[in-house]
Amino acid sequence: MGFSKWVSLVIALHLFIPEFSNSEGVLSQIEGGQIPVYFLDYAKKPELVDYMVSIRRKIHENPELGFEEFETSKLIRAELDHLGIHYKYPVAVTGVVGYIGNGGPPFVAIRADMDALAIEEALEWEHKSKVHGKMHACGHDAHVAMLLGAAKLLQEHRHDLKGTVVLIFQPAEEGGGGARKMVEAGVLDKVDAIFGIHVPARYHIGTVASRYGSLLAGKGFFEAVINGKGGHAAIPQHTIDPILAASNVIISLQHLVSREADPLDSQLVTVAKFEGGGTFNVIPDSVAIGGTFRAFSKEGFVLLKQRIEEVVVKQAGVQRCNATVSFHPNGSPFYPPTVNDRGLHEHFLDVAADMLGTQNVKEAQPVMGAEDFSFLAEAIPGHFCFLGMKNETQGPLASSHSPFYKLNEEVLPYGAALHASLATRYLLKSKLESKSTSQAFHEEL
Ligand SMILES: [Zn+2]
Ligand SMILES: [Zn+2]
């Protein structure tokens with residue numbers, strides 16, 4: 001190696017080493033308000049962006065359905081091993097829970113979901129899904145990459161953390177209720193607060209949106225089998241027609257929200273499945289219908305469930321059919337509404353405004369979509385937000401759950417920095433609050 005090469009090597013090492021060794025203690029030297037911008041700049045460094053993009057693409061190529069995320073979970077554990085982050089596994093089949101910081105209280109959790117959908121990817125690109133009939137069409141591949149990016153940021157600044165950050169990689173968000181199983185496994189037992197981020201297509205890159213209180217609806221699925229008596233389509237008098245009965249059932253179900261629910265309490269019933277008959281001249285023995293119902297209030301949800309069952313059974317009876325209704329097809333649990341804690345929402349507003357500017361922090365409208373983050377936010381104070389990724393210069397983005405779903409990878413550093421900032425600042429704030437409380441207590445004594 002020539003002298004000039006030695007010199008460039010020494011310069012390169014000099015540039016490289018201080019960045020990582022100095023990072024220990026950096027957060028203590030800057031104002032809390034500057035942490036989000038510091039993390040965002042850090043997350044936008046090419047090496048961190050490349051790291052997250054490559055993880056996201058690997059997961060995108062190999063999508064796995066709920067409770068089957070074995071390879072995704074393996075990849076996460078390999079990365080945590082590499083970063084020197086201690087973790088628990090398995091939790092709820094494929095879940096992983098990592099810990100960064102001093103190992104003591106307070107504990108704050110940040111969460112990603114790992115599962116894909118049973119959709120065939122229709123978009124042609126270099127890292128298209130390699131698994132027939134499965135696709136990451138809800139951005140959960142990006143959620144994992146962002147949480148690992150945050151893990152890297154936090155681990156490099158672990159000596160500055162005023163407590164412990166808990167990384168939650170959960171299985172089966174899409175219907176399986178993986179979050180509920182994580183709660184049952186006790187992952188939140190000592191945790192004081194939890195934050196979750198989703199990447200929808202409808203907000204611009206560099207913006208976030210959320211709201212205090214109910215953000216997403218409670219969700220249930222139902223399935224009904226309506227039994228009649230099949231026979232020749234031209235001799236209906238010898239049959240009991242379940243197609244007609246099912247049609248009337250569907251019409252009657254549509255009257256539940258319009259005629260029985262409080263117009264100011266948003267609710268929804270959708271029949272999305274109708275299976276019956278296979279040819280033109282045969283009346284089938286039975287018809288299966290199914291769908292989903294949503295509500296924000298517990299009372300509204302419970303009443304809808306009860307009325308769906310009554311309407312299906314009684315309306316089918318009008319046409320002399322018998323009907324049975326079930327509410328947990330494939331074992332999927334009801335999801336409660338996702339409700340954001342007031343204090344955590346204020347914390348989110350502060351952190352997001354410090355990172356992106358107040359004008360880029362939007363008030364989200366509640367949506368009838370559902371999230372199993374609700375189980376986490378039901379167990380302890382929680383906060384869920386949307387992180388924008390729309391960039392008009394790249395054309396419109398298809399909505400989530402579309403076979404044409406496309407993720408704007410520019411969102412990854414924003415997600416990593418937001419996760420890391422929400423957690424770091426939460427610990428800092430808790431520390432300051434406990435200090436002032438103990439001081440006040442002291443003064444009172
Ligand atoms: Zn989804
Ligand atoms: Zn999702």
# chains A, B, ... in the order shown; residues from 1 in each chain; ligands from 1
>>> residues_around(residues="stretch 210-218 of chain A", least_positions_apart="5", cutoff="9 Å", atoms="only C-alpha atoms", output="PyMOL selection string")
chain A and resi 266-267+293-298+301+334-346+348-349+361-371+374+383-386
>>> residues_around(residues="stretch 241-251 of chain A", least_positions_apart="3", cutoff="6 Å", atoms="only C-alpha atoms", output="ChimeraX atom specification")
/A:228,254,286-287,312,315-316,319
>>> write_last_selection(atoms="C-alpha atoms", output="PDB file, in the first residue's frame")
ATOM      1  CA  GLY A 228     -83.079 -24.426   2.209  1.00  0.00           C
ATOM      2  CA  GLN A 254     -78.284  -2.959   5.437  1.00  0.00           C
ATOM      3  CA  SER A 286     -77.590 -23.692   0.888  1.00  0.00           C
ATOM      4  CA  VAL A 287     -75.915 -20.320   0.575  1.00  0.00           C
ATOM      5  CA  VAL A 312     -80.015 -13.452   9.636  1.00  0.00           C
ATOM      6  CA  GLN A 315     -85.227 -13.069   7.983  1.00  0.00           C
ATOM      7  CA  ALA A 316     -84.111 -16.452   6.594  1.00  0.00           C
ATOM      8  CA  GLN A 319     -88.516 -17.741   3.440  1.00  0.00           C
TER       9      GLN A 319
END
>>> residues_near_ligand(ligand="ligand 1", cutoff="7 Å", atoms="only C-alpha atoms and all ligand atoms", output="list in words")
Cys138, Glu174, Ser400 and His401 of chain A
>>> residues_near_ligand(ligand="ligand 2", cutoff="10 Å", atoms="only C-alpha atoms and all ligand atoms", output="MDAnalysis selection string")
chainID A and resid 112:117 136:141 143 172:174 197:200 369:373 400:401
>>> residues_around(residues="A:Ala179", least_positions_apart="2", cutoff="7 Å", atoms="only C-alpha atoms", output="PyMOL selection string")
chain A and resi 170+173+177+181-183+372-373+375-376
>>> select_by_dssp(residues="stretch 227-342 of chain A", states="strand (DSSP E or B)", output="ChimeraX atom specification")
/A:227,229,231-232,240,267-275,282-283,286-295,322-326,335,338-340
>>> residues_around(residues="A:Asn330", least_positions_apart="2", cutoff="9 Å", atoms="only C-alpha atoms", output="compact mmCIF listing (two decimals) with C-alpha atoms, in the first residue's frame")
# COMPACT_ATOMS: atom_id res chain seq x y z
CA GLY A 176 -55.16 -13.02 13.50
CA HIS A 328 -64.95 -15.88 14.51
CA SER A 332 -60.03 -14.38 14.17
>>> residues_around(residues="A:Asp160", least_positions_apart="6", cutoff="12 Å", atoms="only C-alpha atoms", output="PyMOL selection string")
chain A and resi 22-30+32+35+100-102+153-154+423-425+427-428
>>> select_by_dssp(residues="stretch 152-326 of chain A", states="helix (DSSP H, G or I)", output="PyMOL selection string")
chain A and resi 152-156+158-160+178-184+236-238+242-260+298-318
>>> atom_distance(atom1="atom CA of A:Leu256", atom2="atom CA of A:Lys305")
10.5 Å
>>> residues_around(residues="stretch 84-95 of chain A", least_positions_apart="3", cutoff="7 Å", atoms="only C-alpha atoms", output="number ranges by chain")
A: 67, 69-70, 73, 80-81, 98-100, 169-171, 181-182, 185
>>> write_last_selection(atoms="C-alpha atoms", output="PDB file, in the first residue's frame")
ATOM      1  CA  PHE A  67     -48.292 -16.698  12.682  1.00  0.00           C
ATOM      2  CA  GLU A  69     -43.514 -15.268   9.858  1.00  0.00           C
ATOM      3  CA  PHE A  70     -40.634 -17.660  10.611  1.00  0.00           C
ATOM      4  CA  SER A  73     -38.583 -13.348  12.520  1.00  0.00           C
ATOM      5  CA  LEU A  80     -30.659  -7.788  16.644  1.00  0.00           C
ATOM      6  CA  ASP A  81     -27.771 -10.234  17.259  1.00  0.00           C
ATOM      7  CA  GLY A  98     -35.941  -6.623  22.105  1.00  0.00           C
ATOM      8  CA  TYR A  99     -34.601  -4.376  24.888  1.00  0.00           C
ATOM      9  CA  ILE A 100     -32.330  -1.321  24.553  1.00  0.00           C
ATOM     10  CA  PHE A 169     -42.129  -7.301  16.517  1.00  0.00           C
ATOM     11  CA  GLN A 170     -45.554  -8.934  16.501  1.00  0.00           C
ATOM     12  CA  PRO A 171     -47.136 -11.572  14.262  1.00  0.00           C
ATOM     13  CA  LYS A 181     -51.356 -12.936  21.991  1.00  0.00           C
ATOM     14  CA  MET A 182     -48.361 -10.688  22.699  1.00  0.00           C
ATOM     15  CA  ALA A 185     -47.648 -13.459  26.802  1.00  0.00           C
TER      16      ALA A 185
END
>>> residues_around(residues="A:Phe222", least_positions_apart="4", cutoff="8 Å", atoms="only C-alpha atoms", output="ChimeraX atom specification")
/A:290-293,325-329
>>> write_last_selection(atoms="N, CA and C atoms", output="compact mmCIF listing (two decimals), in the first residue's frame")
# COMPACT_ATOMS: atom_id res chain seq x y z
N GLY A 290 -71.07 -13.73 4.17
CA GLY A 290 -70.20 -13.29 5.26
C GLY A 290 -69.78 -11.86 5.05
N GLY A 291 -69.22 -11.27 6.08
CA GLY A 291 -68.80 -9.88 5.96
C GLY A 291 -68.21 -9.37 7.26
N THR A 292 -68.22 -8.05 7.36
CA THR A 292 -67.61 -7.42 8.52
C THR A 292 -68.55 -6.38 9.11
N PHE A 293 -68.42 -6.14 10.41
CA PHE A 293 -69.16 -5.04 11.04
C PHE A 293 -68.19 -4.25 11.90
N VAL A 325 -75.23 -18.62 12.37
CA VAL A 325 -74.29 -17.50 12.24
C VAL A 325 -73.09 -17.77 13.13
N SER A 326 -71.89 -17.55 12.60
CA SER A 326 -70.69 -17.65 13.44
C SER A 326 -69.92 -16.34 13.32
N PHE A 327 -69.17 -16.02 14.39
CA PHE A 327 -68.54 -14.69 14.44
C PHE A 327 -67.01 -14.71 14.46
N HIS A 328 -66.42 -15.86 14.46
CA HIS A 328 -64.95 -15.88 14.51
C HIS A 328 -64.39 -16.81 13.43
N PRO A 329 -64.67 -16.52 12.14
CA PRO A 329 -64.15 -17.41 11.11
C PRO A 329 -62.62 -17.50 11.19
>>> atom_distance(atom1="atom CA of A:His127", atom2="atom CA of A:Val53")
11.0 Å
>>> closest_residue(among="A:Val208, A:Met135, A:Ala420, A:Ile240", to="A:Thr358", atoms="only C-alpha atoms")
A:Val208
>>> atom_distance(atom1="atom CA of A:Gly163", atom2="atom CA of A:Lys74")
26.9 Å
>>> closest_residue(among="A:Lys58, A:His82, A:His419, A:Lys406", to="A:Met355", atoms="only C-alpha atoms")
A:His419
